[in-house]
Amino acid sequence: MYLHANIKLLRKRKGLTQSLMAESLGISRSKLAGYELNVSPPLDTLVKICEYLEVSVDLMLKQNLEKYPVHKLGEILETSRYLKGRDLRILATTVDAAGRELIEVVSQKARASYLAGFSDPDFIGDLPRFHLPFLPQDKKHRVFQVDGDSMDPIPDGAWIICEYMDDWTRIKDGEKYVIVTAQDGVTFKLAYNQLKEKRQLLLCSSNPLYKPFEVAADTVREVWKYRMMLV
């Protein structure tokens, strides 16, 4: 794991002292020094560090960023921030007694709190959950309840099963996705991938009464691909 060296490298790349970065994160300088040396931070602190340094958790943990020349490192960080999601992270999830991942259910009522709680294991753990053996076990799924009639013929109140996407470059034009954004929370739309050209997604409704709108990549928090509707 390259976490400790990467934290130090990215901090220095931004021209930050340990004291300044620690103050911004709300932790002590000695704790940050430990994280840069050999101490692994708690999950919530790790997420904060990655958000502050504008890098994905996956990249922070798995890539030795010291081996790249300056220009290549810049390209890698840009890809991490915008093309594969600024806030890719360790996904909060639940498992059963046998260690199988469960499918959490996000109702219309829970949608209002989802943006604030999607990365909180306690919030996710409090959601209703179940297991479906016919779904691929190497993928993460979650159920969302549709809110409104913008995606006719899928009706208001319908329950849809969605698959978590950890690579946003694979979003396919015209397909259905649940997009979680900082401004709009949970949104179910047809997505058009404009990440490479404009660093944004174009979201459209199947109901022509609703106008398309754009969301910047750095406001997107999660992407879930629609798989099926529960009937």
# chains A, B, ... in the order shown; residues from 1 in each chain; ligands from 1
call {"tool": "residues_around", "arguments": {"residues": "A:Pro121", "least_positions_apart": "5", "cutoff": "9 Å", "atoms": "only C-alpha atoms", "output": "list in words"}}
result
Leu91, Ala92, Thr93, Thr94 and Asp126 of chain A
call {"tool": "select_by_dssp", "arguments": {"residues": "stretch 10-128 of chain A", "states": "strand (DSSP E or B)", "output": "JSON list (two decimals) with C-alpha atoms, in the first residue's frame"}}
result
[["chain", "number", "residue", "atom", "x", "y", "z"],
["A", 95, "VAL", "CA", -23.01, -8.03, 4.17],
["A", 101, "GLU", "CA", -22.95, -8.36, -0.07],
["A", 103, "ILE", "CA", -28.67, -4.95, -1.63],
["A", 104, "GLU", "CA", -29.63, -1.82, 0.28],
["A", 105, "VAL", "CA", -32.97, -0.13, -0.44],
["A", 106, "VAL", "CA", -33.17, 3.66, -0.82]]
call {"tool": "atom_distance", "arguments": {"atom1": "atom CA of A:Arg221", "atom2": "atom CA of A:Leu3"}}
result
21.9 Å
call {"tool": "residues_around", "arguments": {"residues": "A:Ser24", "least_positions_apart": "6", "cutoff": "12 Å", "atoms": "only C-alpha atoms", "output": "PyMOL selection string"}}
result
chain A and resi 16-18+32+48-49+51-53
call {"tool": "write_last_selection", "arguments": {"atoms": "all heavy atoms", "output": "CSV table (one decimal), in the first residue's frame"}}
result
chain,number,residue,atom,x,y,z
A,16,LEU,N,1.8,22.7,0.6
A,16,LEU,CA,1.2,22.8,1.9
A,16,LEU,C,2.1,22.3,3.0
A,16,LEU,O,2.8,21.3,2.8
A,16,LEU,CB,-0.1,22.0,2.0
A,16,LEU,CG,-1.2,22.3,1.0
A,16,LEU,CD1,-2.3,21.3,1.0
A,16,LEU,CD2,-1.8,23.7,1.3
A,17,THR,N,2.2,23.0,4.1
A,17,THR,CA,2.9,22.4,5.3
A,17,THR,C,2.0,21.4,6.0
A,17,THR,O,0.8,21.4,5.8
A,17,THR,CB,3.3,23.5,6.2
A,17,THR,OG1,2.0,24.1,6.7
A,17,THR,CG2,4.1,24.6,5.5
A,18,GLN,N,2.6,20.6,6.8
A,18,GLN,CA,1.8,19.7,7.6
A,18,GLN,C,0.8,20.4,8.5
A,18,GLN,O,-0.4,20.0,8.6
A,18,GLN,CB,2.7,18.8,8.4
A,18,GLN,CG,3.4,17.7,7.6
A,18,GLN,CD,4.2,16.7,8.5
A,18,GLN,OE1,4.6,17.1,9.6
A,18,GLN,NE2,4.5,15.5,8.1
A,32,LEU,N,-1.3,13.9,11.3
A,32,LEU,CA,-0.9,13.9,9.8
A,32,LEU,C,0.5,13.4,9.6
A,32,LEU,O,0.7,12.6,8.6
A,32,LEU,CB,-1.1,15.3,9.3
A,32,LEU,CG,-0.8,15.5,7.8
A,32,LEU,CD1,-1.7,14.6,6.9
A,32,LEU,CD2,-0.9,16.9,7.3
A,48,LYS,N,-11.7,12.2,3.8
A,48,LYS,CA,-11.5,13.6,3.9
A,48,LYS,C,-10.1,14.0,3.3
A,48,LYS,O,-10.0,15.0,2.6
A,48,LYS,CB,-11.5,14.1,5.4
A,48,LYS,CG,-12.9,14.1,6.0
A,48,LYS,CD,-12.8,14.5,7.5
A,48,LYS,CE,-14.1,14.6,8.1
A,48,LYS,NZ,-14.1,15.0,9.5
A,49,ILE,N,-9.1,13.2,3.6
A,49,ILE,CA,-7.8,13.5,3.0
A,49,ILE,C,-7.8,13.4,1.5
A,49,ILE,O,-7.3,14.3,0.8
A,49,ILE,CB,-6.7,12.5,3.5
A,49,ILE,CG1,-6.5,12.8,5.0
A,49,ILE,CG2,-5.4,12.6,2.8
A,49,ILE,CD1,-5.6,11.7,5.7
A,51,GLU,N,-10.5,13.8,-0.5
A,51,GLU,CA,-11.2,14.9,-1.0
A,51,GLU,C,-10.4,16.2,-1.0
A,51,GLU,O,-10.5,17.0,-1.9
A,51,GLU,CB,-12.5,15.1,-0.2
A,51,GLU,CG,-13.5,14.0,-0.4
A,51,GLU,CD,-14.8,14.2,0.5
A,51,GLU,OE1,-14.7,15.0,1.5
A,51,GLU,OE2,-15.8,13.5,0.2
A,52,TYR,N,-9.7,16.4,0.1
A,52,TYR,CA,-8.9,17.6,0.2
A,52,TYR,C,-7.8,17.7,-0.8
A,52,TYR,O,-7.5,18.7,-1.4
A,52,TYR,CB,-8.3,17.6,1.6
A,52,TYR,CG,-7.5,18.9,1.9
A,52,TYR,CD1,-8.1,20.1,2.2
A,52,TYR,CD2,-6.1,18.9,1.9
A,52,TYR,CE1,-7.4,21.3,2.5
A,52,TYR,CE2,-5.3,20.0,2.2
A,52,TYR,CZ,-6.0,21.2,2.5
A,52,TYR,OH,-5.3,22.3,2.7
A,53,LEU,N,-7.1,16.5,-1.1
A,53,LEU,CA,-6.1,16.4,-2.1
A,53,LEU,C,-6.6,16.2,-3.5
A,53,LEU,O,-5.8,16.1,-4.4
A,53,LEU,CB,-5.1,15.3,-1.7
A,53,LEU,CG,-4.3,15.6,-0.4
A,53,LEU,CD1,-3.5,14.4,0.0
A,53,LEU,CD2,-3.4,16.8,-0.5
call {"tool": "residues_around", "arguments": {"residues": "A:Ser40", "least_positions_apart": "6", "cutoff": "10 Å", "atoms": "only C-alpha atoms", "output": "list in words"}}
result
Leu3, His4, Lys31, Gly34 and Leu46 of chain A
call {"tool": "residues_around", "arguments": {"residues": "stretch 111-118 of chain A", "least_positions_apart": "5", "cutoff": "9 Å", "atoms": "only C-alpha atoms", "output": "ChimeraX atom specification"}}
result
/A:91-92,106,123-124,144-145,180-182,184-186,221-222
call {"tool": "decode", "arguments": {"residues": "stretch 102-205 of chain A", "atoms": "C-alpha atoms", "output": "short mmCIF file (atom, residue, chain, number, x, y, z; two decimals), in the first residue's frame"}}
result
data_model
loop_
_atom_site.label_atom_id
_atom_site.label_comp_id
_atom_site.auth_asym_id
_atom_site.auth_seq_id
_atom_site.Cartn_x
_atom_site.Cartn_y
_atom_site.Cartn_z
CA LEU A 102 -26.54 -7.28 0.48
CA ILE A 103 -28.67 -4.95 -1.63
CA GLU A 104 -29.63 -1.82 0.28
CA VAL A 105 -32.97 -0.13 -0.44
CA VAL A 106 -33.17 3.66 -0.82
CA SER A 107 -36.82 4.72 -0.60
CA GLN A 108 -38.22 8.10 -1.64
CA LYS A 109 -38.07 9.11 2.02
CA ALA A 110 -34.44 8.01 2.40
CA ARG A 111 -33.43 9.80 -0.82
CA ALA A 112 -33.60 13.13 1.00
CA SER A 113 -30.85 12.01 3.40
CA TYR A 114 -28.82 9.92 0.96
CA LEU A 115 -26.49 12.71 -0.20
CA ALA A 116 -25.41 13.39 3.36
CA GLY A 117 -25.18 9.73 4.35
CA PHE A 118 -24.04 7.74 1.30
CA SER A 119 -20.47 7.41 2.63
CA ASP A 120 -21.52 6.80 6.24
CA PRO A 121 -21.48 3.06 7.12
CA ASP A 122 -24.02 3.68 9.92
CA PHE A 123 -26.49 5.34 7.53
CA ILE A 124 -26.08 2.59 4.94
CA GLY A 125 -26.37 -0.06 7.65
CA ASP A 126 -29.73 1.33 8.75
CA LEU A 127 -31.27 0.99 5.28
CA PRO A 128 -33.53 -2.02 4.54
CA ARG A 129 -31.55 -4.71 2.71
CA PHE A 130 -31.92 -8.11 1.09
CA HIS A 131 -30.12 -10.62 -1.14
CA LEU A 132 -30.88 -11.67 -4.72
CA PRO A 133 -28.92 -14.76 -5.77
CA PHE A 134 -29.45 -14.30 -9.52
CA LEU A 135 -27.52 -11.02 -9.70
CA PRO A 136 -23.76 -11.10 -10.45
CA GLN A 137 -21.97 -11.57 -7.14
CA ASP A 138 -18.89 -9.63 -8.28
CA LYS A 139 -20.92 -6.44 -8.69
CA LYS A 140 -22.41 -4.10 -6.10
CA HIS A 141 -26.15 -3.41 -6.40
CA ARG A 142 -28.54 -1.04 -4.69
CA VAL A 143 -32.29 -0.42 -5.06
CA PHE A 144 -33.65 3.11 -5.49
CA GLN A 145 -37.28 4.19 -5.52
CA VAL A 146 -38.20 6.41 -8.45
CA ASP A 147 -39.50 9.84 -7.57
CA GLY A 148 -41.72 11.57 -10.16
CA ASP A 149 -42.75 10.89 -13.75
CA SER A 150 -39.71 12.22 -15.61
CA MET A 151 -38.65 8.71 -16.66
CA ASP A 152 -41.92 7.39 -18.11
CA PRO A 153 -42.82 4.59 -18.70
CA ILE A 154 -41.06 3.79 -15.39
CA PRO A 155 -43.67 5.19 -12.99
CA ASP A 156 -43.41 7.27 -9.86
CA GLY A 157 -42.75 5.02 -6.88
CA ALA A 158 -41.21 2.17 -8.89
CA TRP A 159 -38.27 0.25 -7.40
CA ILE A 160 -35.22 -0.11 -9.65
CA ILE A 161 -32.11 -2.26 -9.18
CA CYS A 162 -28.89 -0.48 -10.10
CA GLU A 163 -25.24 -1.50 -10.37
CA TYR A 164 -22.46 0.64 -8.90
CA MET A 165 -20.07 2.18 -11.44
CA ASP A 166 -16.52 2.87 -10.33
CA ASP A 167 -15.37 4.05 -13.77
CA TRP A 168 -17.46 6.91 -15.10
CA THR A 169 -15.75 6.82 -18.49
CA ARG A 170 -17.88 3.72 -19.16
CA ILE A 171 -21.14 5.66 -19.01
CA LYS A 172 -22.91 4.97 -22.31
CA ASP A 173 -24.95 7.62 -24.10
CA GLY A 174 -28.70 7.28 -23.77
CA GLU A 175 -28.69 4.61 -21.06
CA LYS A 176 -30.39 4.99 -17.68
CA TYR A 177 -28.42 5.88 -14.55
CA VAL A 178 -28.98 7.03 -11.02
CA ILE A 179 -26.63 10.00 -10.60
CA VAL A 180 -25.91 11.39 -7.13
CA THR A 181 -24.74 15.02 -7.27
CA ALA A 182 -23.88 17.66 -4.72
CA GLN A 183 -26.64 19.95 -5.99
CA ASP A 184 -29.52 17.61 -6.82
CA GLY A 185 -28.94 14.56 -4.64
CA VAL A 186 -30.36 11.37 -6.18
CA THR A 187 -31.42 11.79 -9.82
CA PHE A 188 -32.63 9.07 -12.24
CA LYS A 189 -31.98 10.08 -15.87
CA LEU A 190 -30.72 9.17 -19.30
CA ALA A 191 -27.04 10.13 -19.32
CA TYR A 192 -24.80 11.35 -22.14
CA ASN A 193 -21.08 11.13 -21.54
CA GLN A 194 -19.31 14.47 -22.12
CA LEU A 195 -16.52 13.87 -19.61
CA LYS A 196 -13.58 13.96 -22.01
CA GLU A 197 -14.77 16.99 -23.96
CA LYS A 198 -16.43 19.12 -21.28
CA ARG A 199 -15.88 17.28 -17.98
CA GLN A 200 -19.63 16.99 -17.51
CA LEU A 201 -22.64 14.73 -18.00
CA LEU A 202 -25.76 15.70 -19.91
CA LEU A 203 -28.84 14.33 -18.13
CA CYS A 204 -32.14 13.92 -19.97
CA SER A 205 -35.61 12.67 -19.11
#
